[in-house]
Amino acid sequence: MNLNTPVFSSFTHDGLEFAFFDEGDPSGAPVLLIHGFASTANVNWVHPGWLKTLGDAGYRVIAIDNRGHGASAKPRDAEAYRPWHMAGDAIALLDHLGIPEANIMGYSMGARISVFAALASPDRVRSLVLGGLGIGMTDGVGDWDPIADALLAPSIDTVTHARGRMFRAFADQTKSDREALAACIRGSRDLVARGDMGRIEAPTLIGVGTKDDIAGSPQELAALMPHATALDIPGRDHMLAVGDRVFKAAVLEFYAEVAGG
């Protein structure tokens with residue numbers, strides 16, 4: 001499998017510079033990928049094989065490094081990371097590329113950003129794939145303040161909180177800006193009202209690992225939406241579900257029906 005890093009470009013929005021790639025078939029139906037917290041476009045979408053999977057299937061594959069992540073700008077103010085700001089970045093990338101409507105796929109925090117984009121700009125979103133976030137979208141996913149504390153700790157050796165330690169290790173592995181990530185986790189946790197989920201008309205696939213202890217039920221979230229389907233990703237936790245072949249096969253089948261051309 002070719003997992004080489006693609007060529008990244010940049011654009012400016014909201015006074016910040018953003019990195020992105022635009023790969024696959026330029027004439028194919030566009031898929032915009034939005035990665036999760038402490039990840040990057042490469043880590044979330046290239047290394048697990050999504051770029052190759054979607055590119056080989058004939059799609060135009062676009063992915064952004066969210067603010068605070070990867071090669072994009074890294075503000076230190078938590079308010080800069082409210083989900084509607086990050087959703088605005090994604091729509092601004094579509095504007096930059098002259099794409100009127102795209103299939104948007106987000107994982108974890110990226111799923112939340114995708115929903116905020118669909119609510120703010122429904123005419124720009126042909127379909128949604130929400131990975132790694134179920135009813136936690138509306139009901140919350142627990143206390144994340146220990147994750148911010150873990151990110152700012154002088155050493156991972158002093159971190160005892162299990163989830164905090166997991167994300168600190170991930171941030172260290174990806175050589176992330178831990179201060180920016182701490183601001184992000186404090187600013188990006190706004191919930192979506194259940195009634196607002198019901199306003200999303202775009203066809204939606206919600207995929208969550210059966211061992212994911214963060215996301216919450218995909219079935220409960222799908223039940224709030226008029227055109228949503230839930231997918232259990234067997235035997236996968238929050239970190240491993242993203243690259244799962246069951247998930248990929250389900251997304252390809254979903255896109256064959258809804259993505260357009």
# chains A, B, ... in the order shown; residues from 1 in each chain; ligands from 1
>>> residues_around(residues="Phe116 in chain A", least_positions_apart="6", cutoff="7 Å", atoms="only C-alpha atoms", output="PyMOL selection string")
chain A and resi 83-84+87
>>> write_last_selection(atoms="N, CA and C atoms", output="mmCIF file, in the first residue's frame")
data_model
loop_
_atom_site.group_PDB
_atom_site.id
_atom_site.type_symbol
_atom_site.label_atom_id
_atom_site.label_comp_id
_atom_site.auth_asym_id
_atom_site.auth_seq_id
_atom_site.Cartn_x
_atom_site.Cartn_y
_atom_site.Cartn_z
ATOM 1 N N PRO A 83 -15.965 24.775 17.822
ATOM 2 C CA PRO A 83 -16.213 23.951 16.626
ATOM 3 C C PRO A 83 -16.705 24.736 15.413
ATOM 4 N N TRP A 84 -17.440 25.825 15.658
ATOM 5 C CA TRP A 84 -17.935 26.593 14.505
ATOM 6 C C TRP A 84 -16.789 27.315 13.795
ATOM 7 N N ALA A 87 -15.194 24.476 11.777
ATOM 8 C CA ALA A 87 -16.073 24.155 10.640
ATOM 9 C C ALA A 87 -15.930 25.217 9.556
#
>>> select_by_dssp(residues="range 60-234 of chain A", states="helix (DSSP H, G or I)", output="ChimeraX atom specification")
/A:78-81,83-97,109-120,122-124,136-139,145-152,156-158,162-173,178-187,194-197,218-223
>>> select_by_dssp(residues="range 39-216 of chain A", states="strand (DSSP E)", output="ChimeraX atom specification")
/A:60-64,102-107,125-131,204-209
>>> write_last_selection(atoms="N, CA, C and O atoms", output="CSV table (one decimal), in the first residue's frame")
chain,number,residue,atom,x,y,z
A,60,ARG,N,-12.0,12.4,-5.6
A,60,ARG,CA,-11.1,13.5,-5.3
A,60,ARG,C,-11.0,13.6,-3.8
A,60,ARG,O,-12.0,13.8,-3.1
A,61,VAL,N,-9.8,13.4,-3.3
A,61,VAL,CA,-9.6,13.3,-1.8
A,61,VAL,C,-8.8,14.5,-1.3
A,61,VAL,O,-7.7,14.8,-1.7
A,62,ILE,N,-9.5,15.2,-0.4
A,62,ILE,CA,-9.0,16.5,0.1
A,62,ILE,C,-9.0,16.3,1.6
A,62,ILE,O,-9.9,15.8,2.2
A,63,ALA,N,-7.9,16.8,2.3
A,63,ALA,CA,-7.8,16.7,3.7
A,63,ALA,C,-7.1,18.0,4.2
A,63,ALA,O,-6.1,18.4,3.6
A,64,ILE,N,-7.6,18.5,5.4
A,64,ILE,CA,-7.0,19.7,6.0
A,64,ILE,C,-6.3,19.3,7.3
A,64,ILE,O,-6.7,18.4,8.0
A,102,ALA,N,-19.4,19.1,-1.2
A,102,ALA,CA,-18.5,17.9,-1.0
A,102,ALA,C,-19.2,16.9,0.0
A,102,ALA,O,-20.0,17.2,0.8
A,103,ASN,N,-18.7,15.7,-0.1
A,103,ASN,CA,-18.9,14.7,0.9
A,103,ASN,C,-17.9,14.9,2.0
A,103,ASN,O,-16.7,15.0,1.8
A,104,ILE,N,-18.4,15.1,3.2
A,104,ILE,CA,-17.5,15.4,4.3
A,104,ILE,C,-17.4,14.2,5.3
A,104,ILE,O,-18.5,13.7,5.7
A,105,MET,N,-16.2,13.8,5.6
A,105,MET,CA,-16.0,12.7,6.5
A,105,MET,C,-15.1,13.2,7.6
A,105,MET,O,-14.0,13.7,7.4
A,106,GLY,N,-15.5,13.0,8.9
A,106,GLY,CA,-14.7,13.4,10.0
A,106,GLY,C,-14.6,12.3,11.0
A,106,GLY,O,-15.5,11.5,11.2
A,107,TYR,N,-13.5,12.3,11.7
A,107,TYR,CA,-13.3,11.3,12.8
A,107,TYR,C,-13.1,12.0,14.1
A,107,TYR,O,-12.3,12.9,14.3
A,125,VAL,N,-22.8,20.5,1.9
A,125,VAL,CA,-22.5,19.1,2.4
A,125,VAL,C,-23.5,18.1,1.7
A,125,VAL,O,-24.7,18.1,1.9
A,126,ARG,N,-22.9,17.3,0.8
A,126,ARG,CA,-23.7,16.3,0.1
A,126,ARG,C,-24.0,15.1,0.9
A,126,ARG,O,-25.1,14.6,0.9
A,127,SER,N,-23.0,14.7,1.7
A,127,SER,CA,-23.2,13.6,2.7
A,127,SER,C,-22.2,13.7,3.8
A,127,SER,O,-21.3,14.5,3.7
A,128,LEU,N,-22.5,13.0,4.9
A,128,LEU,CA,-21.6,13.0,6.0
A,128,LEU,C,-21.2,11.5,6.4
A,128,LEU,O,-22.0,10.6,6.4
A,129,VAL,N,-19.9,11.4,6.7
A,129,VAL,CA,-19.5,10.1,7.4
A,129,VAL,C,-18.9,10.6,8.7
A,129,VAL,O,-18.0,11.4,8.8
A,130,LEU,N,-19.5,10.1,9.8
A,130,LEU,CA,-19.1,10.5,11.2
A,130,LEU,C,-18.5,9.3,11.8
A,130,LEU,O,-19.1,8.3,12.1
A,131,GLY,N,-17.1,9.3,12.0
A,131,GLY,CA,-16.4,8.2,12.6
A,131,GLY,C,-16.0,8.5,14.0
A,131,GLY,O,-15.7,9.6,14.3
A,204,THR,N,-26.2,10.2,6.0
A,204,THR,CA,-25.1,10.1,7.0
A,204,THR,C,-24.9,8.7,7.4
A,204,THR,O,-25.8,7.9,7.6
A,205,LEU,N,-23.6,8.4,7.5
A,205,LEU,CA,-23.1,7.1,8.0
A,205,LEU,C,-22.3,7.3,9.3
A,205,LEU,O,-21.4,8.2,9.2
A,206,ILE,N,-22.7,6.7,10.4
A,206,ILE,CA,-22.0,6.9,11.6
A,206,ILE,C,-21.4,5.6,12.0
A,206,ILE,O,-22.0,4.6,12.3
A,207,GLY,N,-20.0,5.5,12.1
A,207,GLY,CA,-19.3,4.3,12.4
A,207,GLY,C,-18.5,4.5,13.7
A,207,GLY,O,-17.7,5.4,13.9
A,208,VAL,N,-18.7,3.5,14.6
A,208,VAL,CA,-18.0,3.5,15.9
A,208,VAL,C,-17.5,2.1,16.2
A,208,VAL,O,-18.3,1.1,16.0
A,209,GLY,N,-16.3,2.0,16.8
A,209,GLY,CA,-15.8,0.7,17.2
A,209,GLY,C,-16.6,0.1,18.3
A,209,GLY,O,-17.0,0.9,19.3
>>> closest_residue(among="A:Gly88, A:Pro146, A:Gly36, A:Pro6", to="Asp22 in chain A", atoms="only C-alpha atoms")
A:Pro6
>>> residues_around(residues="range 92-100 of chain A", least_positions_apart="2", cutoff="7 Å", atoms="only C-alpha atoms", output="list of chain:residue names")
A:His13, A:Gly88, A:Asp89, A:Ala90, A:Arg124
>>> write_last_selection(atoms="all heavy atoms", output="PDB file, in the first residue's frame")
ATOM      1  N   HIS A  13      -7.136  31.672   6.012  1.00  0.00           N
ATOM      2  CA  HIS A  13      -8.525  31.958   6.407  1.00  0.00           C
ATOM      3  C   HIS A  13      -8.516  32.408   7.863  1.00  0.00           C
ATOM      4  O   HIS A  13      -7.766  31.874   8.677  1.00  0.00           O
ATOM      5  CB  HIS A  13      -9.385  30.691   6.244  1.00  0.00           C
ATOM      6  CG  HIS A  13     -10.734  30.797   6.884  1.00  0.00           C
ATOM      7  ND1 HIS A  13     -11.700  31.661   6.435  1.00  0.00           N
ATOM      8  CD2 HIS A  13     -11.270  30.150   7.952  1.00  0.00           C
ATOM      9  CE1 HIS A  13     -12.784  31.533   7.192  1.00  0.00           C
ATOM     10  NE2 HIS A  13     -12.542  30.631   8.116  1.00  0.00           N
ATOM     11  N   GLY A  88     -15.781  26.473   9.961  1.00  0.00           N
ATOM     12  CA  GLY A  88     -15.567  27.551   8.997  1.00  0.00           C
ATOM     13  C   GLY A  88     -14.288  27.377   8.210  1.00  0.00           C
ATOM     14  O   GLY A  88     -14.225  27.715   7.016  1.00  0.00           O
ATOM     15  N   ASP A  89     -13.251  26.817   8.860  1.00  0.00           N
ATOM     16  CA  ASP A  89     -12.001  26.538   8.146  1.00  0.00           C
ATOM     17  C   ASP A  89     -12.244  25.529   7.022  1.00  0.00           C
ATOM     18  O   ASP A  89     -11.714  25.682   5.905  1.00  0.00           O
ATOM     19  CB  ASP A  89     -10.956  25.962   9.099  1.00  0.00           C
ATOM     20  CG  ASP A  89     -10.628  26.882  10.265  1.00  0.00           C
ATOM     21  OD1 ASP A  89     -10.836  28.110  10.143  1.00  0.00           O
ATOM     22  OD2 ASP A  89     -10.157  26.357  11.304  1.00  0.00           O
ATOM     23  N   ALA A  90     -13.015  24.483   7.331  1.00  0.00           N
ATOM     24  CA  ALA A  90     -13.280  23.436   6.339  1.00  0.00           C
ATOM     25  C   ALA A  90     -14.058  23.983   5.146  1.00  0.00           C
ATOM     26  O   ALA A  90     -13.733  23.691   3.983  1.00  0.00           O
ATOM     27  CB  ALA A  90     -14.044  22.284   6.991  1.00  0.00           C
ATOM     28  N   ARG A 124     -23.557  23.005   1.279  1.00  0.00           N
ATOM     29  CA  ARG A 124     -22.199  22.636   0.876  1.00  0.00           C
ATOM     30  C   ARG A 124     -21.887  21.161   1.167  1.00  0.00           C
ATOM     31  O   ARG A 124     -20.820  20.679   0.798  1.00  0.00           O
ATOM     32  CB  ARG A 124     -21.172  23.513   1.621  1.00  0.00           C
ATOM     33  CG  ARG A 124     -21.430  25.005   1.558  1.00  0.00           C
ATOM     34  CD  ARG A 124     -21.381  25.528   0.133  1.00  0.00           C
ATOM     35  NE  ARG A 124     -20.071  25.357  -0.474  1.00  0.00           N
ATOM     36  CZ  ARG A 124     -19.062  26.207  -0.313  1.00  0.00           C
ATOM     37  NH1 ARG A 124     -19.200  27.275   0.455  1.00  0.00           N
ATOM     38  NH2 ARG A 124     -17.902  26.002  -0.942  1.00  0.00           N
TER      39      ARG A 124
END
